[in-house]
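Reproduced below: data-v1.cif, with mmCIF, C-alpha atoms.
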data_coords
#
loop_
_atom_site.label_atom_id
_atom_site.label_comp_id
_atom_site.auth_asym_id
_atom_site.auth_seq_id
_atom_site.Cartn_x
_atom_site.Cartn_y
_atom_site.Cartn_z
CA MET A 244 16.46 14.60 20.34
CA THR A 245 17.26 16.58 17.24
CA VAL A 246 14.84 18.37 14.97
CA LEU A 247 15.09 15.60 12.37
CA SER A 248 14.19 12.83 14.80
CA LEU A 249 11.30 14.90 16.17
CA LEU A 250 10.14 15.32 12.57
CA PHE A 251 10.39 11.55 12.04
CA TYR A 252 8.22 10.75 15.05
CA LEU A 253 5.65 13.40 14.07
CA LEU A 254 5.46 11.98 10.54
CA ALA A 255 5.21 8.43 11.88
CA LEU A 256 2.32 9.46 14.12
CA LEU A 257 0.59 11.20 11.20
CA ILE A 258 1.02 8.20 8.89
CA VAL A 259 -0.12 5.56 11.38
CA ALA A 260 -3.06 7.65 12.62
CA SER A 261 -4.38 8.54 9.17
CA THR A 262 -3.97 4.97 7.92
CA GLY A 263 -5.75 3.67 11.01
CA ILE A 264 -8.61 6.12 10.51
CA ALA A 265 -8.76 5.24 6.80
CA VAL A 266 -9.21 1.51 7.25
CA THR A 267 -12.02 1.88 9.78
CA ARG A 268 -14.24 4.15 7.65
CA ARG A 269 -17.53 2.85 6.35
CA ASN A 270 -17.64 5.50 3.64
CA LEU A 271 -15.09 4.51 0.99
CA ALA A 272 -14.54 8.06 -0.29
CA HIS A 273 -13.52 9.16 3.22
CA ALA A 274 -11.18 6.18 3.48
CA VAL A 275 -9.47 7.12 0.21
CA VAL A 276 -9.02 10.75 1.29
CA TYR A 277 -7.48 9.71 4.64
CA LEU A 278 -5.16 7.37 2.77
CA VAL A 279 -4.07 10.27 0.53
CA ILE A 280 -3.03 12.13 3.71
CA SER A 281 -1.11 9.04 4.80
CA PHE A 282 0.72 8.86 1.47
CA PHE A 283 1.62 12.55 1.65
CA GLY A 284 3.11 11.83 5.08
CA THR A 285 5.05 8.91 3.60
CA ALA A 286 6.37 11.17 0.84
CA MET A 287 7.67 13.62 3.48
CA LEU A 288 9.22 10.67 5.31
CA PHE A 289 11.00 9.60 2.11
CA TYR A 290 12.36 13.13 1.77
CA LEU A 291 13.56 13.01 5.37
CA LEU A 292 15.29 9.67 4.73
CA GLY A 293 17.15 11.09 1.75
CA ALA A 294 15.10 10.06 -1.28
CA PRO A 295 13.74 13.25 -2.90
CA LEU A 296 12.93 11.57 -6.24
CA LEU A 297 10.96 8.82 -4.50
CA ALA A 298 9.13 11.46 -2.46
CA ALA A 299 8.00 13.12 -5.69
CA LEU A 300 7.05 9.76 -7.21
CA GLU A 301 5.10 8.82 -4.09
CA VAL A 302 2.98 11.96 -4.40
CA ILE A 303 2.55 11.63 -8.18
CA ILE A 304 1.86 7.90 -8.42
CA TYR A 305 0.52 6.77 -5.03
CA ALA A 306 -1.37 9.84 -3.84
CA GLY A 307 -2.12 10.98 -7.37
CA ALA A 308 -2.73 8.15 -9.81
CA ILE A 309 -3.57 5.16 -7.62
CA MET A 310 -5.86 6.93 -5.16
CA ILE A 311 -7.65 8.75 -7.98
CA LEU A 312 -8.24 5.35 -9.61
CA PHE A 313 -9.78 4.19 -6.33
CA LEU A 314 -11.98 7.31 -6.25
CA PHE A 315 -13.14 6.64 -9.83
CA ILE A 316 -14.15 3.10 -8.94
CA VAL A 317 -15.85 4.19 -5.71
CA MET A 318 -17.89 6.73 -7.69
CA MET A 319 -18.56 4.35 -10.58
CA ILE A 320 -19.90 1.53 -8.43
CA ARG A 321 -23.24 2.42 -6.92
CA LEU A 322 -22.55 1.28 -3.42
CA GLU A 323 -25.32 0.05 -1.26
CA ARG A 324 -24.44 0.13 2.40
CA ILE A 325 -23.13 -3.21 3.54
CA GLU A 326 -25.03 -3.86 6.73
CA GLY A 327 -23.65 -5.59 9.77
CA PRO A 328 -20.42 -5.07 11.66
CA LEU A 329 -17.43 -3.49 9.95
CA PHE A 330 -15.20 -6.41 10.95
CA PRO A 331 -17.35 -9.58 11.06
CA ARG A 332 -16.27 -12.09 13.68
CA ARG A 333 -15.73 -14.90 11.16
CA GLN A 334 -13.00 -12.86 9.47
CA MET A 335 -11.80 -11.05 12.59
CA VAL A 336 -10.59 -14.22 14.32
CA PRO A 337 -8.01 -15.20 11.65
CA ALA A 338 -6.98 -11.55 11.33
CA LEU A 339 -6.40 -11.29 15.09
CA VAL A 340 -4.47 -14.58 15.20
CA ALA A 341 -2.21 -13.48 12.34
CA ALA A 342 -1.77 -10.03 13.93
CA ALA A 343 -0.86 -11.56 17.31
CA VAL A 344 1.75 -13.88 15.77
CA TYR A 345 3.18 -11.03 13.71
CA LEU A 346 3.30 -8.61 16.66
CA GLY A 347 4.87 -11.26 18.92
CA ALA A 348 7.59 -12.03 16.38
CA GLY A 349 8.21 -8.33 15.81
CA ILE A 350 8.53 -7.51 19.53
CA LEU A 351 10.84 -10.48 20.08
CA LEU A 352 13.01 -9.34 17.19
CA MET A 353 13.11 -5.76 18.53
CA ALA A 354 14.07 -7.03 22.00
CA TYR A 355 16.59 -9.77 21.18
CA GLY A 356 17.60 -8.93 17.62
CA ASP A 357 20.91 -7.63 16.33
CA PRO A 358 21.74 -4.44 18.29
CA ALA A 359 23.47 -3.03 15.19
CA GLY A 360 20.07 -1.63 14.23
CA ASN A 361 20.22 0.78 17.14
CA ALA A 362 22.88 3.01 15.61
CA ARG A 363 21.35 6.32 14.61
CA LEU A 364 21.08 6.96 10.89
CA ALA A 365 23.19 9.80 9.53
CA SER A 366 21.21 12.12 7.31
CA ALA A 367 22.19 11.90 3.66
CA SER A 368 20.45 12.54 0.37
CA ALA A 369 20.67 11.00 -3.08
CA SER A 370 20.21 13.63 -5.76
CA PRO A 371 17.69 12.65 -8.45
CA ALA A 372 20.33 12.85 -11.20
CA GLU A 373 22.69 10.54 -9.34
CA PHE A 374 19.87 8.14 -8.55
CA GLY A 375 18.64 8.07 -12.14
CA ARG A 376 22.14 7.38 -13.46
CA PHE A 377 22.52 4.54 -10.93
CA LEU A 378 19.13 3.11 -11.84
CA PHE A 379 19.78 2.97 -15.57
CA ASN A 380 23.37 1.76 -15.21
CA ARG A 381 22.79 -1.05 -12.76
CA HIS A 382 19.15 -2.01 -13.08
CA TRP A 383 18.25 -1.35 -16.71
CA LEU A 384 17.02 -4.90 -17.31
CA ALA A 385 14.68 -4.72 -14.31
CA ILE A 386 13.36 -1.38 -15.60
CA GLU A 387 12.54 -3.00 -18.94
CA ILE A 388 10.81 -5.90 -17.17
CA ALA A 389 8.79 -3.44 -15.06
CA SER A 390 7.64 -1.64 -18.21
CA LEU A 391 6.64 -4.98 -19.72
CA LEU A 392 4.71 -5.74 -16.53
CA LEU A 393 2.84 -2.43 -16.87
CA LEU A 394 1.95 -3.29 -20.48
CA VAL A 395 0.69 -6.73 -19.43
CA ALA A 396 -1.39 -5.10 -16.68
CA LEU A 397 -2.87 -2.66 -19.20
CA VAL A 398 -3.91 -5.49 -21.53
CA GLY A 399 -5.18 -7.58 -18.63
CA ALA A 400 -7.24 -4.76 -17.13
CA LEU A 401 -8.77 -4.00 -20.54
CA HIS A 402 -9.64 -7.66 -21.05
CA ILE A 403 -11.19 -8.12 -17.60
CA GLY A 404 -13.05 -4.82 -17.65
CA ARG A 405 -14.52 -5.25 -21.14
CA GLU A 406 -18.28 -5.44 -21.49
CA PRO A 407 -19.38 -9.00 -22.27
CA ALA A 408 -20.36 -9.51 -25.94
CA ASP A 409 -23.87 -10.74 -25.12
CA ALA A 410 -24.37 -7.66 -22.97
CA GLU A 411 -26.91 -8.52 -20.34
CA GLU A 412 -28.08 -5.88 -17.94
CA PRO A 413 -26.18 -5.98 -14.67
CA GLN A 414 -28.39 -6.95 -11.81
CA PRO A 415 -29.38 -4.01 -9.63
CA MET B 6 21.38 12.25 13.02
CA ILE B 7 17.87 10.95 12.59
CA VAL B 8 16.53 7.87 14.35
CA PRO B 9 17.76 4.27 14.74
CA TYR B 10 16.93 2.00 11.82
CA SER B 11 14.94 -0.21 14.17
CA HIS B 12 12.42 2.61 14.64
CA VAL B 13 11.96 2.89 10.87
CA LEU B 14 11.41 -0.87 10.77
CA ALA B 15 8.90 -0.61 13.62
CA LEU B 16 6.92 2.04 11.74
CA SER B 17 7.00 -0.07 8.59
CA GLY B 18 5.90 -3.17 10.51
CA LEU B 19 3.01 -1.32 12.14
CA LEU B 20 1.82 -0.06 8.73
CA PHE B 21 2.10 -3.58 7.33
CA LEU B 22 0.03 -4.89 10.24
CA ILE B 23 -2.72 -2.34 9.57
CA GLY B 24 -2.77 -3.33 5.90
CA MET B 25 -2.85 -7.02 6.71
CA VAL B 26 -5.75 -6.74 9.14
CA THR B 27 -7.66 -4.62 6.60
CA THR B 28 -7.12 -7.16 3.84
CA VAL B 29 -8.20 -10.10 5.95
CA ALA B 30 -11.01 -8.57 7.98
CA ARG B 31 -12.89 -6.01 5.89
CA ARG B 32 -16.08 -7.06 4.12
CA ASN B 33 -15.57 -4.98 1.02
CA LEU B 34 -13.48 -5.87 -2.01
CA ILE B 35 -12.32 -2.27 -2.53
CA MET B 36 -11.05 -2.09 1.06
CA VAL B 37 -9.21 -5.37 0.48
CA VAL B 38 -7.31 -3.85 -2.46
CA LEU B 39 -6.70 -0.72 -0.35
CA GLY B 40 -5.14 -2.91 2.35
CA LEU B 41 -2.78 -4.42 -0.22
CA GLU B 42 -1.69 -0.89 -1.18
CA VAL B 43 -0.95 -0.07 2.47
CA MET B 44 1.18 -3.22 2.78
CA LEU B 45 3.22 -2.39 -0.34
CA ASN B 46 3.74 1.13 0.96
CA ALA B 47 5.00 -0.24 4.29
CA ALA B 48 7.56 -2.35 2.41
CA ALA B 49 8.68 0.77 0.54
CA VAL B 50 9.28 2.61 3.83
CA ALA B 51 11.48 -0.24 5.07
CA PHE B 52 13.49 -0.21 1.83
CA VAL B 53 14.11 3.56 1.91
CA GLY B 54 15.26 3.30 5.54
CA ALA B 55 17.60 0.42 4.67
CA SER B 56 18.97 2.40 1.74
CA LEU B 57 19.96 5.18 4.18
CA ARG B 58 21.25 2.73 6.79
CA TRP B 59 23.77 1.07 4.46
CA GLU B 60 24.16 4.11 2.18
CA LEU B 61 23.47 2.03 -0.93
CA LEU B 62 21.13 3.17 -3.66
CA ASP B 63 19.78 -0.32 -4.36
CA GLY B 64 17.09 0.10 -1.70
CA GLN B 65 15.74 3.17 -3.44
CA ALA B 66 15.88 1.36 -6.81
CA LEU B 67 13.73 -1.40 -5.36
CA VAL B 68 11.14 1.16 -4.25
CA ILE B 69 10.75 2.18 -7.91
CA PHE B 70 9.84 -1.43 -8.71
CA ILE B 71 7.51 -1.59 -5.69
CA ILE B 72 5.66 1.46 -7.03
CA ALA B 73 5.44 -0.14 -10.50
CA VAL B 74 4.06 -3.37 -9.01
CA ALA B 75 1.59 -1.40 -6.88
CA ALA B 76 0.26 0.42 -9.95
CA THR B 77 -0.05 -2.88 -11.83
CA GLU B 78 -1.76 -4.62 -8.96
CA VAL B 79 -4.25 -1.83 -8.37
CA SER B 80 -5.30 -1.61 -12.03
CA VAL B 81 -5.87 -5.35 -12.39
CA GLY B 82 -7.38 -5.65 -8.91
CA LEU B 83 -9.88 -2.87 -9.48
CA ALA B 84 -10.79 -4.32 -12.88
CA LEU B 85 -11.54 -7.61 -11.10
CA VAL B 86 -13.64 -5.75 -8.51
CA VAL B 87 -15.67 -4.13 -11.28
CA ALA B 88 -16.11 -7.50 -13.00
CA ALA B 89 -17.31 -9.04 -9.72
CA TYR B 90 -19.68 -6.10 -9.22
CA ARG B 91 -21.15 -6.62 -12.71
CA LYS B 92 -21.68 -10.27 -11.95
CA THR B 93 -23.23 -10.02 -8.49
CA GLY B 94 -24.26 -6.38 -8.05
CA SER B 95 -22.25 -6.13 -4.87
CA VAL B 96 -18.70 -5.73 -3.61
CA ASP B 97 -19.26 -7.98 -0.63
CA PRO B 98 -16.99 -11.03 -0.96
CA GLU B 99 -19.50 -13.26 0.86
CA GLN B 100 -22.19 -12.56 -1.74
CA LEU B 101 -19.70 -13.37 -4.49
CA GLU B 102 -19.11 -16.70 -2.79
CA GLU B 103 -22.83 -17.45 -2.63
CA THR B 104 -23.35 -16.56 -6.31
CA GLU B 105 -20.47 -18.79 -7.34
CA ALA B 106 -21.87 -21.63 -5.25
CA SER B 107 -25.40 -21.32 -6.64
CA ALA B 108 -24.29 -20.91 -10.26
#

Write the structure described by the file as structure tokens, please.
Amino acid sequence: MTVLSLLFYLLALLIVASTGIAVTRRNLAHAVVYLVISFFGTAMLFYLLGAPLLAALEVIIYAGAIMILFLFIVMMIRLERIEGPLFPRRQMVPALVAAAVYLGAGILLMAYGDPAGNARLASASASPAEFGRFLFNRHWLAIEIASLLLLVALVGALHIGREPADAEEPQP
Amino acid sequence: MIVPYSHVLALSGLLFLIGMVTTVARRNLIMVVLGLEVMLNAAAVAFVGASLRWELLDGQALVIFIIAVAATEVSVGLALVVAAYRKTGSVDPEQLEETEASA
């Protein structure tokens, strides 16, 4: 086991553990902070797998922008405690059925799937300049569509989040 | 030499499973959107691993689009959560259901 593979397993443990802790928190602010740790771990994983630009973007956009947006909403909405179990049985049963099917299919694929996946990955790295040139040479149309999508989301979020014209007081 | 690609896929699948169970089982609209984020992130991990496995940059290019879609989805999703909170005073999806039924 080389240093890099040890690093991979450590990062995988960190990511899965912090995500697992995050989704079982009752306090939403704690959940968001644990998820930020998970995204930092994912960024290090991206660096390990040879994507330094994506590692930076993961920290800036996922851990930075998206999680801060979640924190804003958590602080903006005055949350009363939702009583009762964290995972109510009515919703837990379909979740468990879906998880069992998914896990079964995954384990079967790992056991009987194509053994070509067992070759160890050689470490390599794509420099940000090379990656950027590739992106704008080969995928420029998709980039434009993504920017259009962001514009549409901006307009949509503004429209949905706007105060109604006949502003009635929100119920407590 | 790092690890076999199947281990990267296993990690990605496990993350996706956590996100899926969160989205289906939690009784809080914000946690539902959080679960969607976790699932998109799991897909990004699989793509970066595949990009290294076949030494093609297309996998990394797709992750850029995954991040763009995640940002879009979270902004619209959270706007919807706030709209639902204004309407019902709660982020519990069951209460939203009851208000819709009684209205």

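Shortest atom-to-atom contact with A:Ala272 among A:Leu312, A:Ala400, A:Ala342, A:Ala365: A:Leu312, counting all atoms listed in the file.
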
The PyMOL selection byres ((chain B) within 7 of (chain A)) applied to the shown file, residues as a PyMOL selection string: chain B and resi 6-11+16+20+22-23+26-27+29-32+53-54+57-58+66+70+73+76-77+80-81+84-85+87-88+91-94

Residues near stretch 37-50 of chain B, cut-off 6 Å, only C-alpha atoms, skip fewer than 2 positions along chain, as an NGL selection string: :B and (17 or 20-21 or 24 or 27-28 or 34-35 or 52-53 or 68)

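Counting from atom CA of A:Val344, the distance to atom CA of B:Met36 is 22.8 Å.
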
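Atom pair atom CA of B:Ala55 / atom CA of B:Ala15: separated by 12.5 Å.
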
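Taking atom CA of A:Pro295 as the reference point, atom CA of A:Ala372 is found at 10.6 Å.
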
Nearest residue to B:Ala51 out of B:Val13, B:Val86, B:Leu67, B:Ala75, using all atoms listed in the file?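 So, comparing all the options, the nearest one is B:Val13.
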
Give, as AutoDock Vina command-line options, the centre coordinates and the x, y and z edge lengths in Å to one decimal for an axis-aligned box around all listed atoms of stretch 363-368 of chain A, padded by 6 Å on each side.
--center_x 21.8 --center_y 9.4 --center_z 7.5 --size_x 14.7 --size_y 18.2 --size_z 26.2
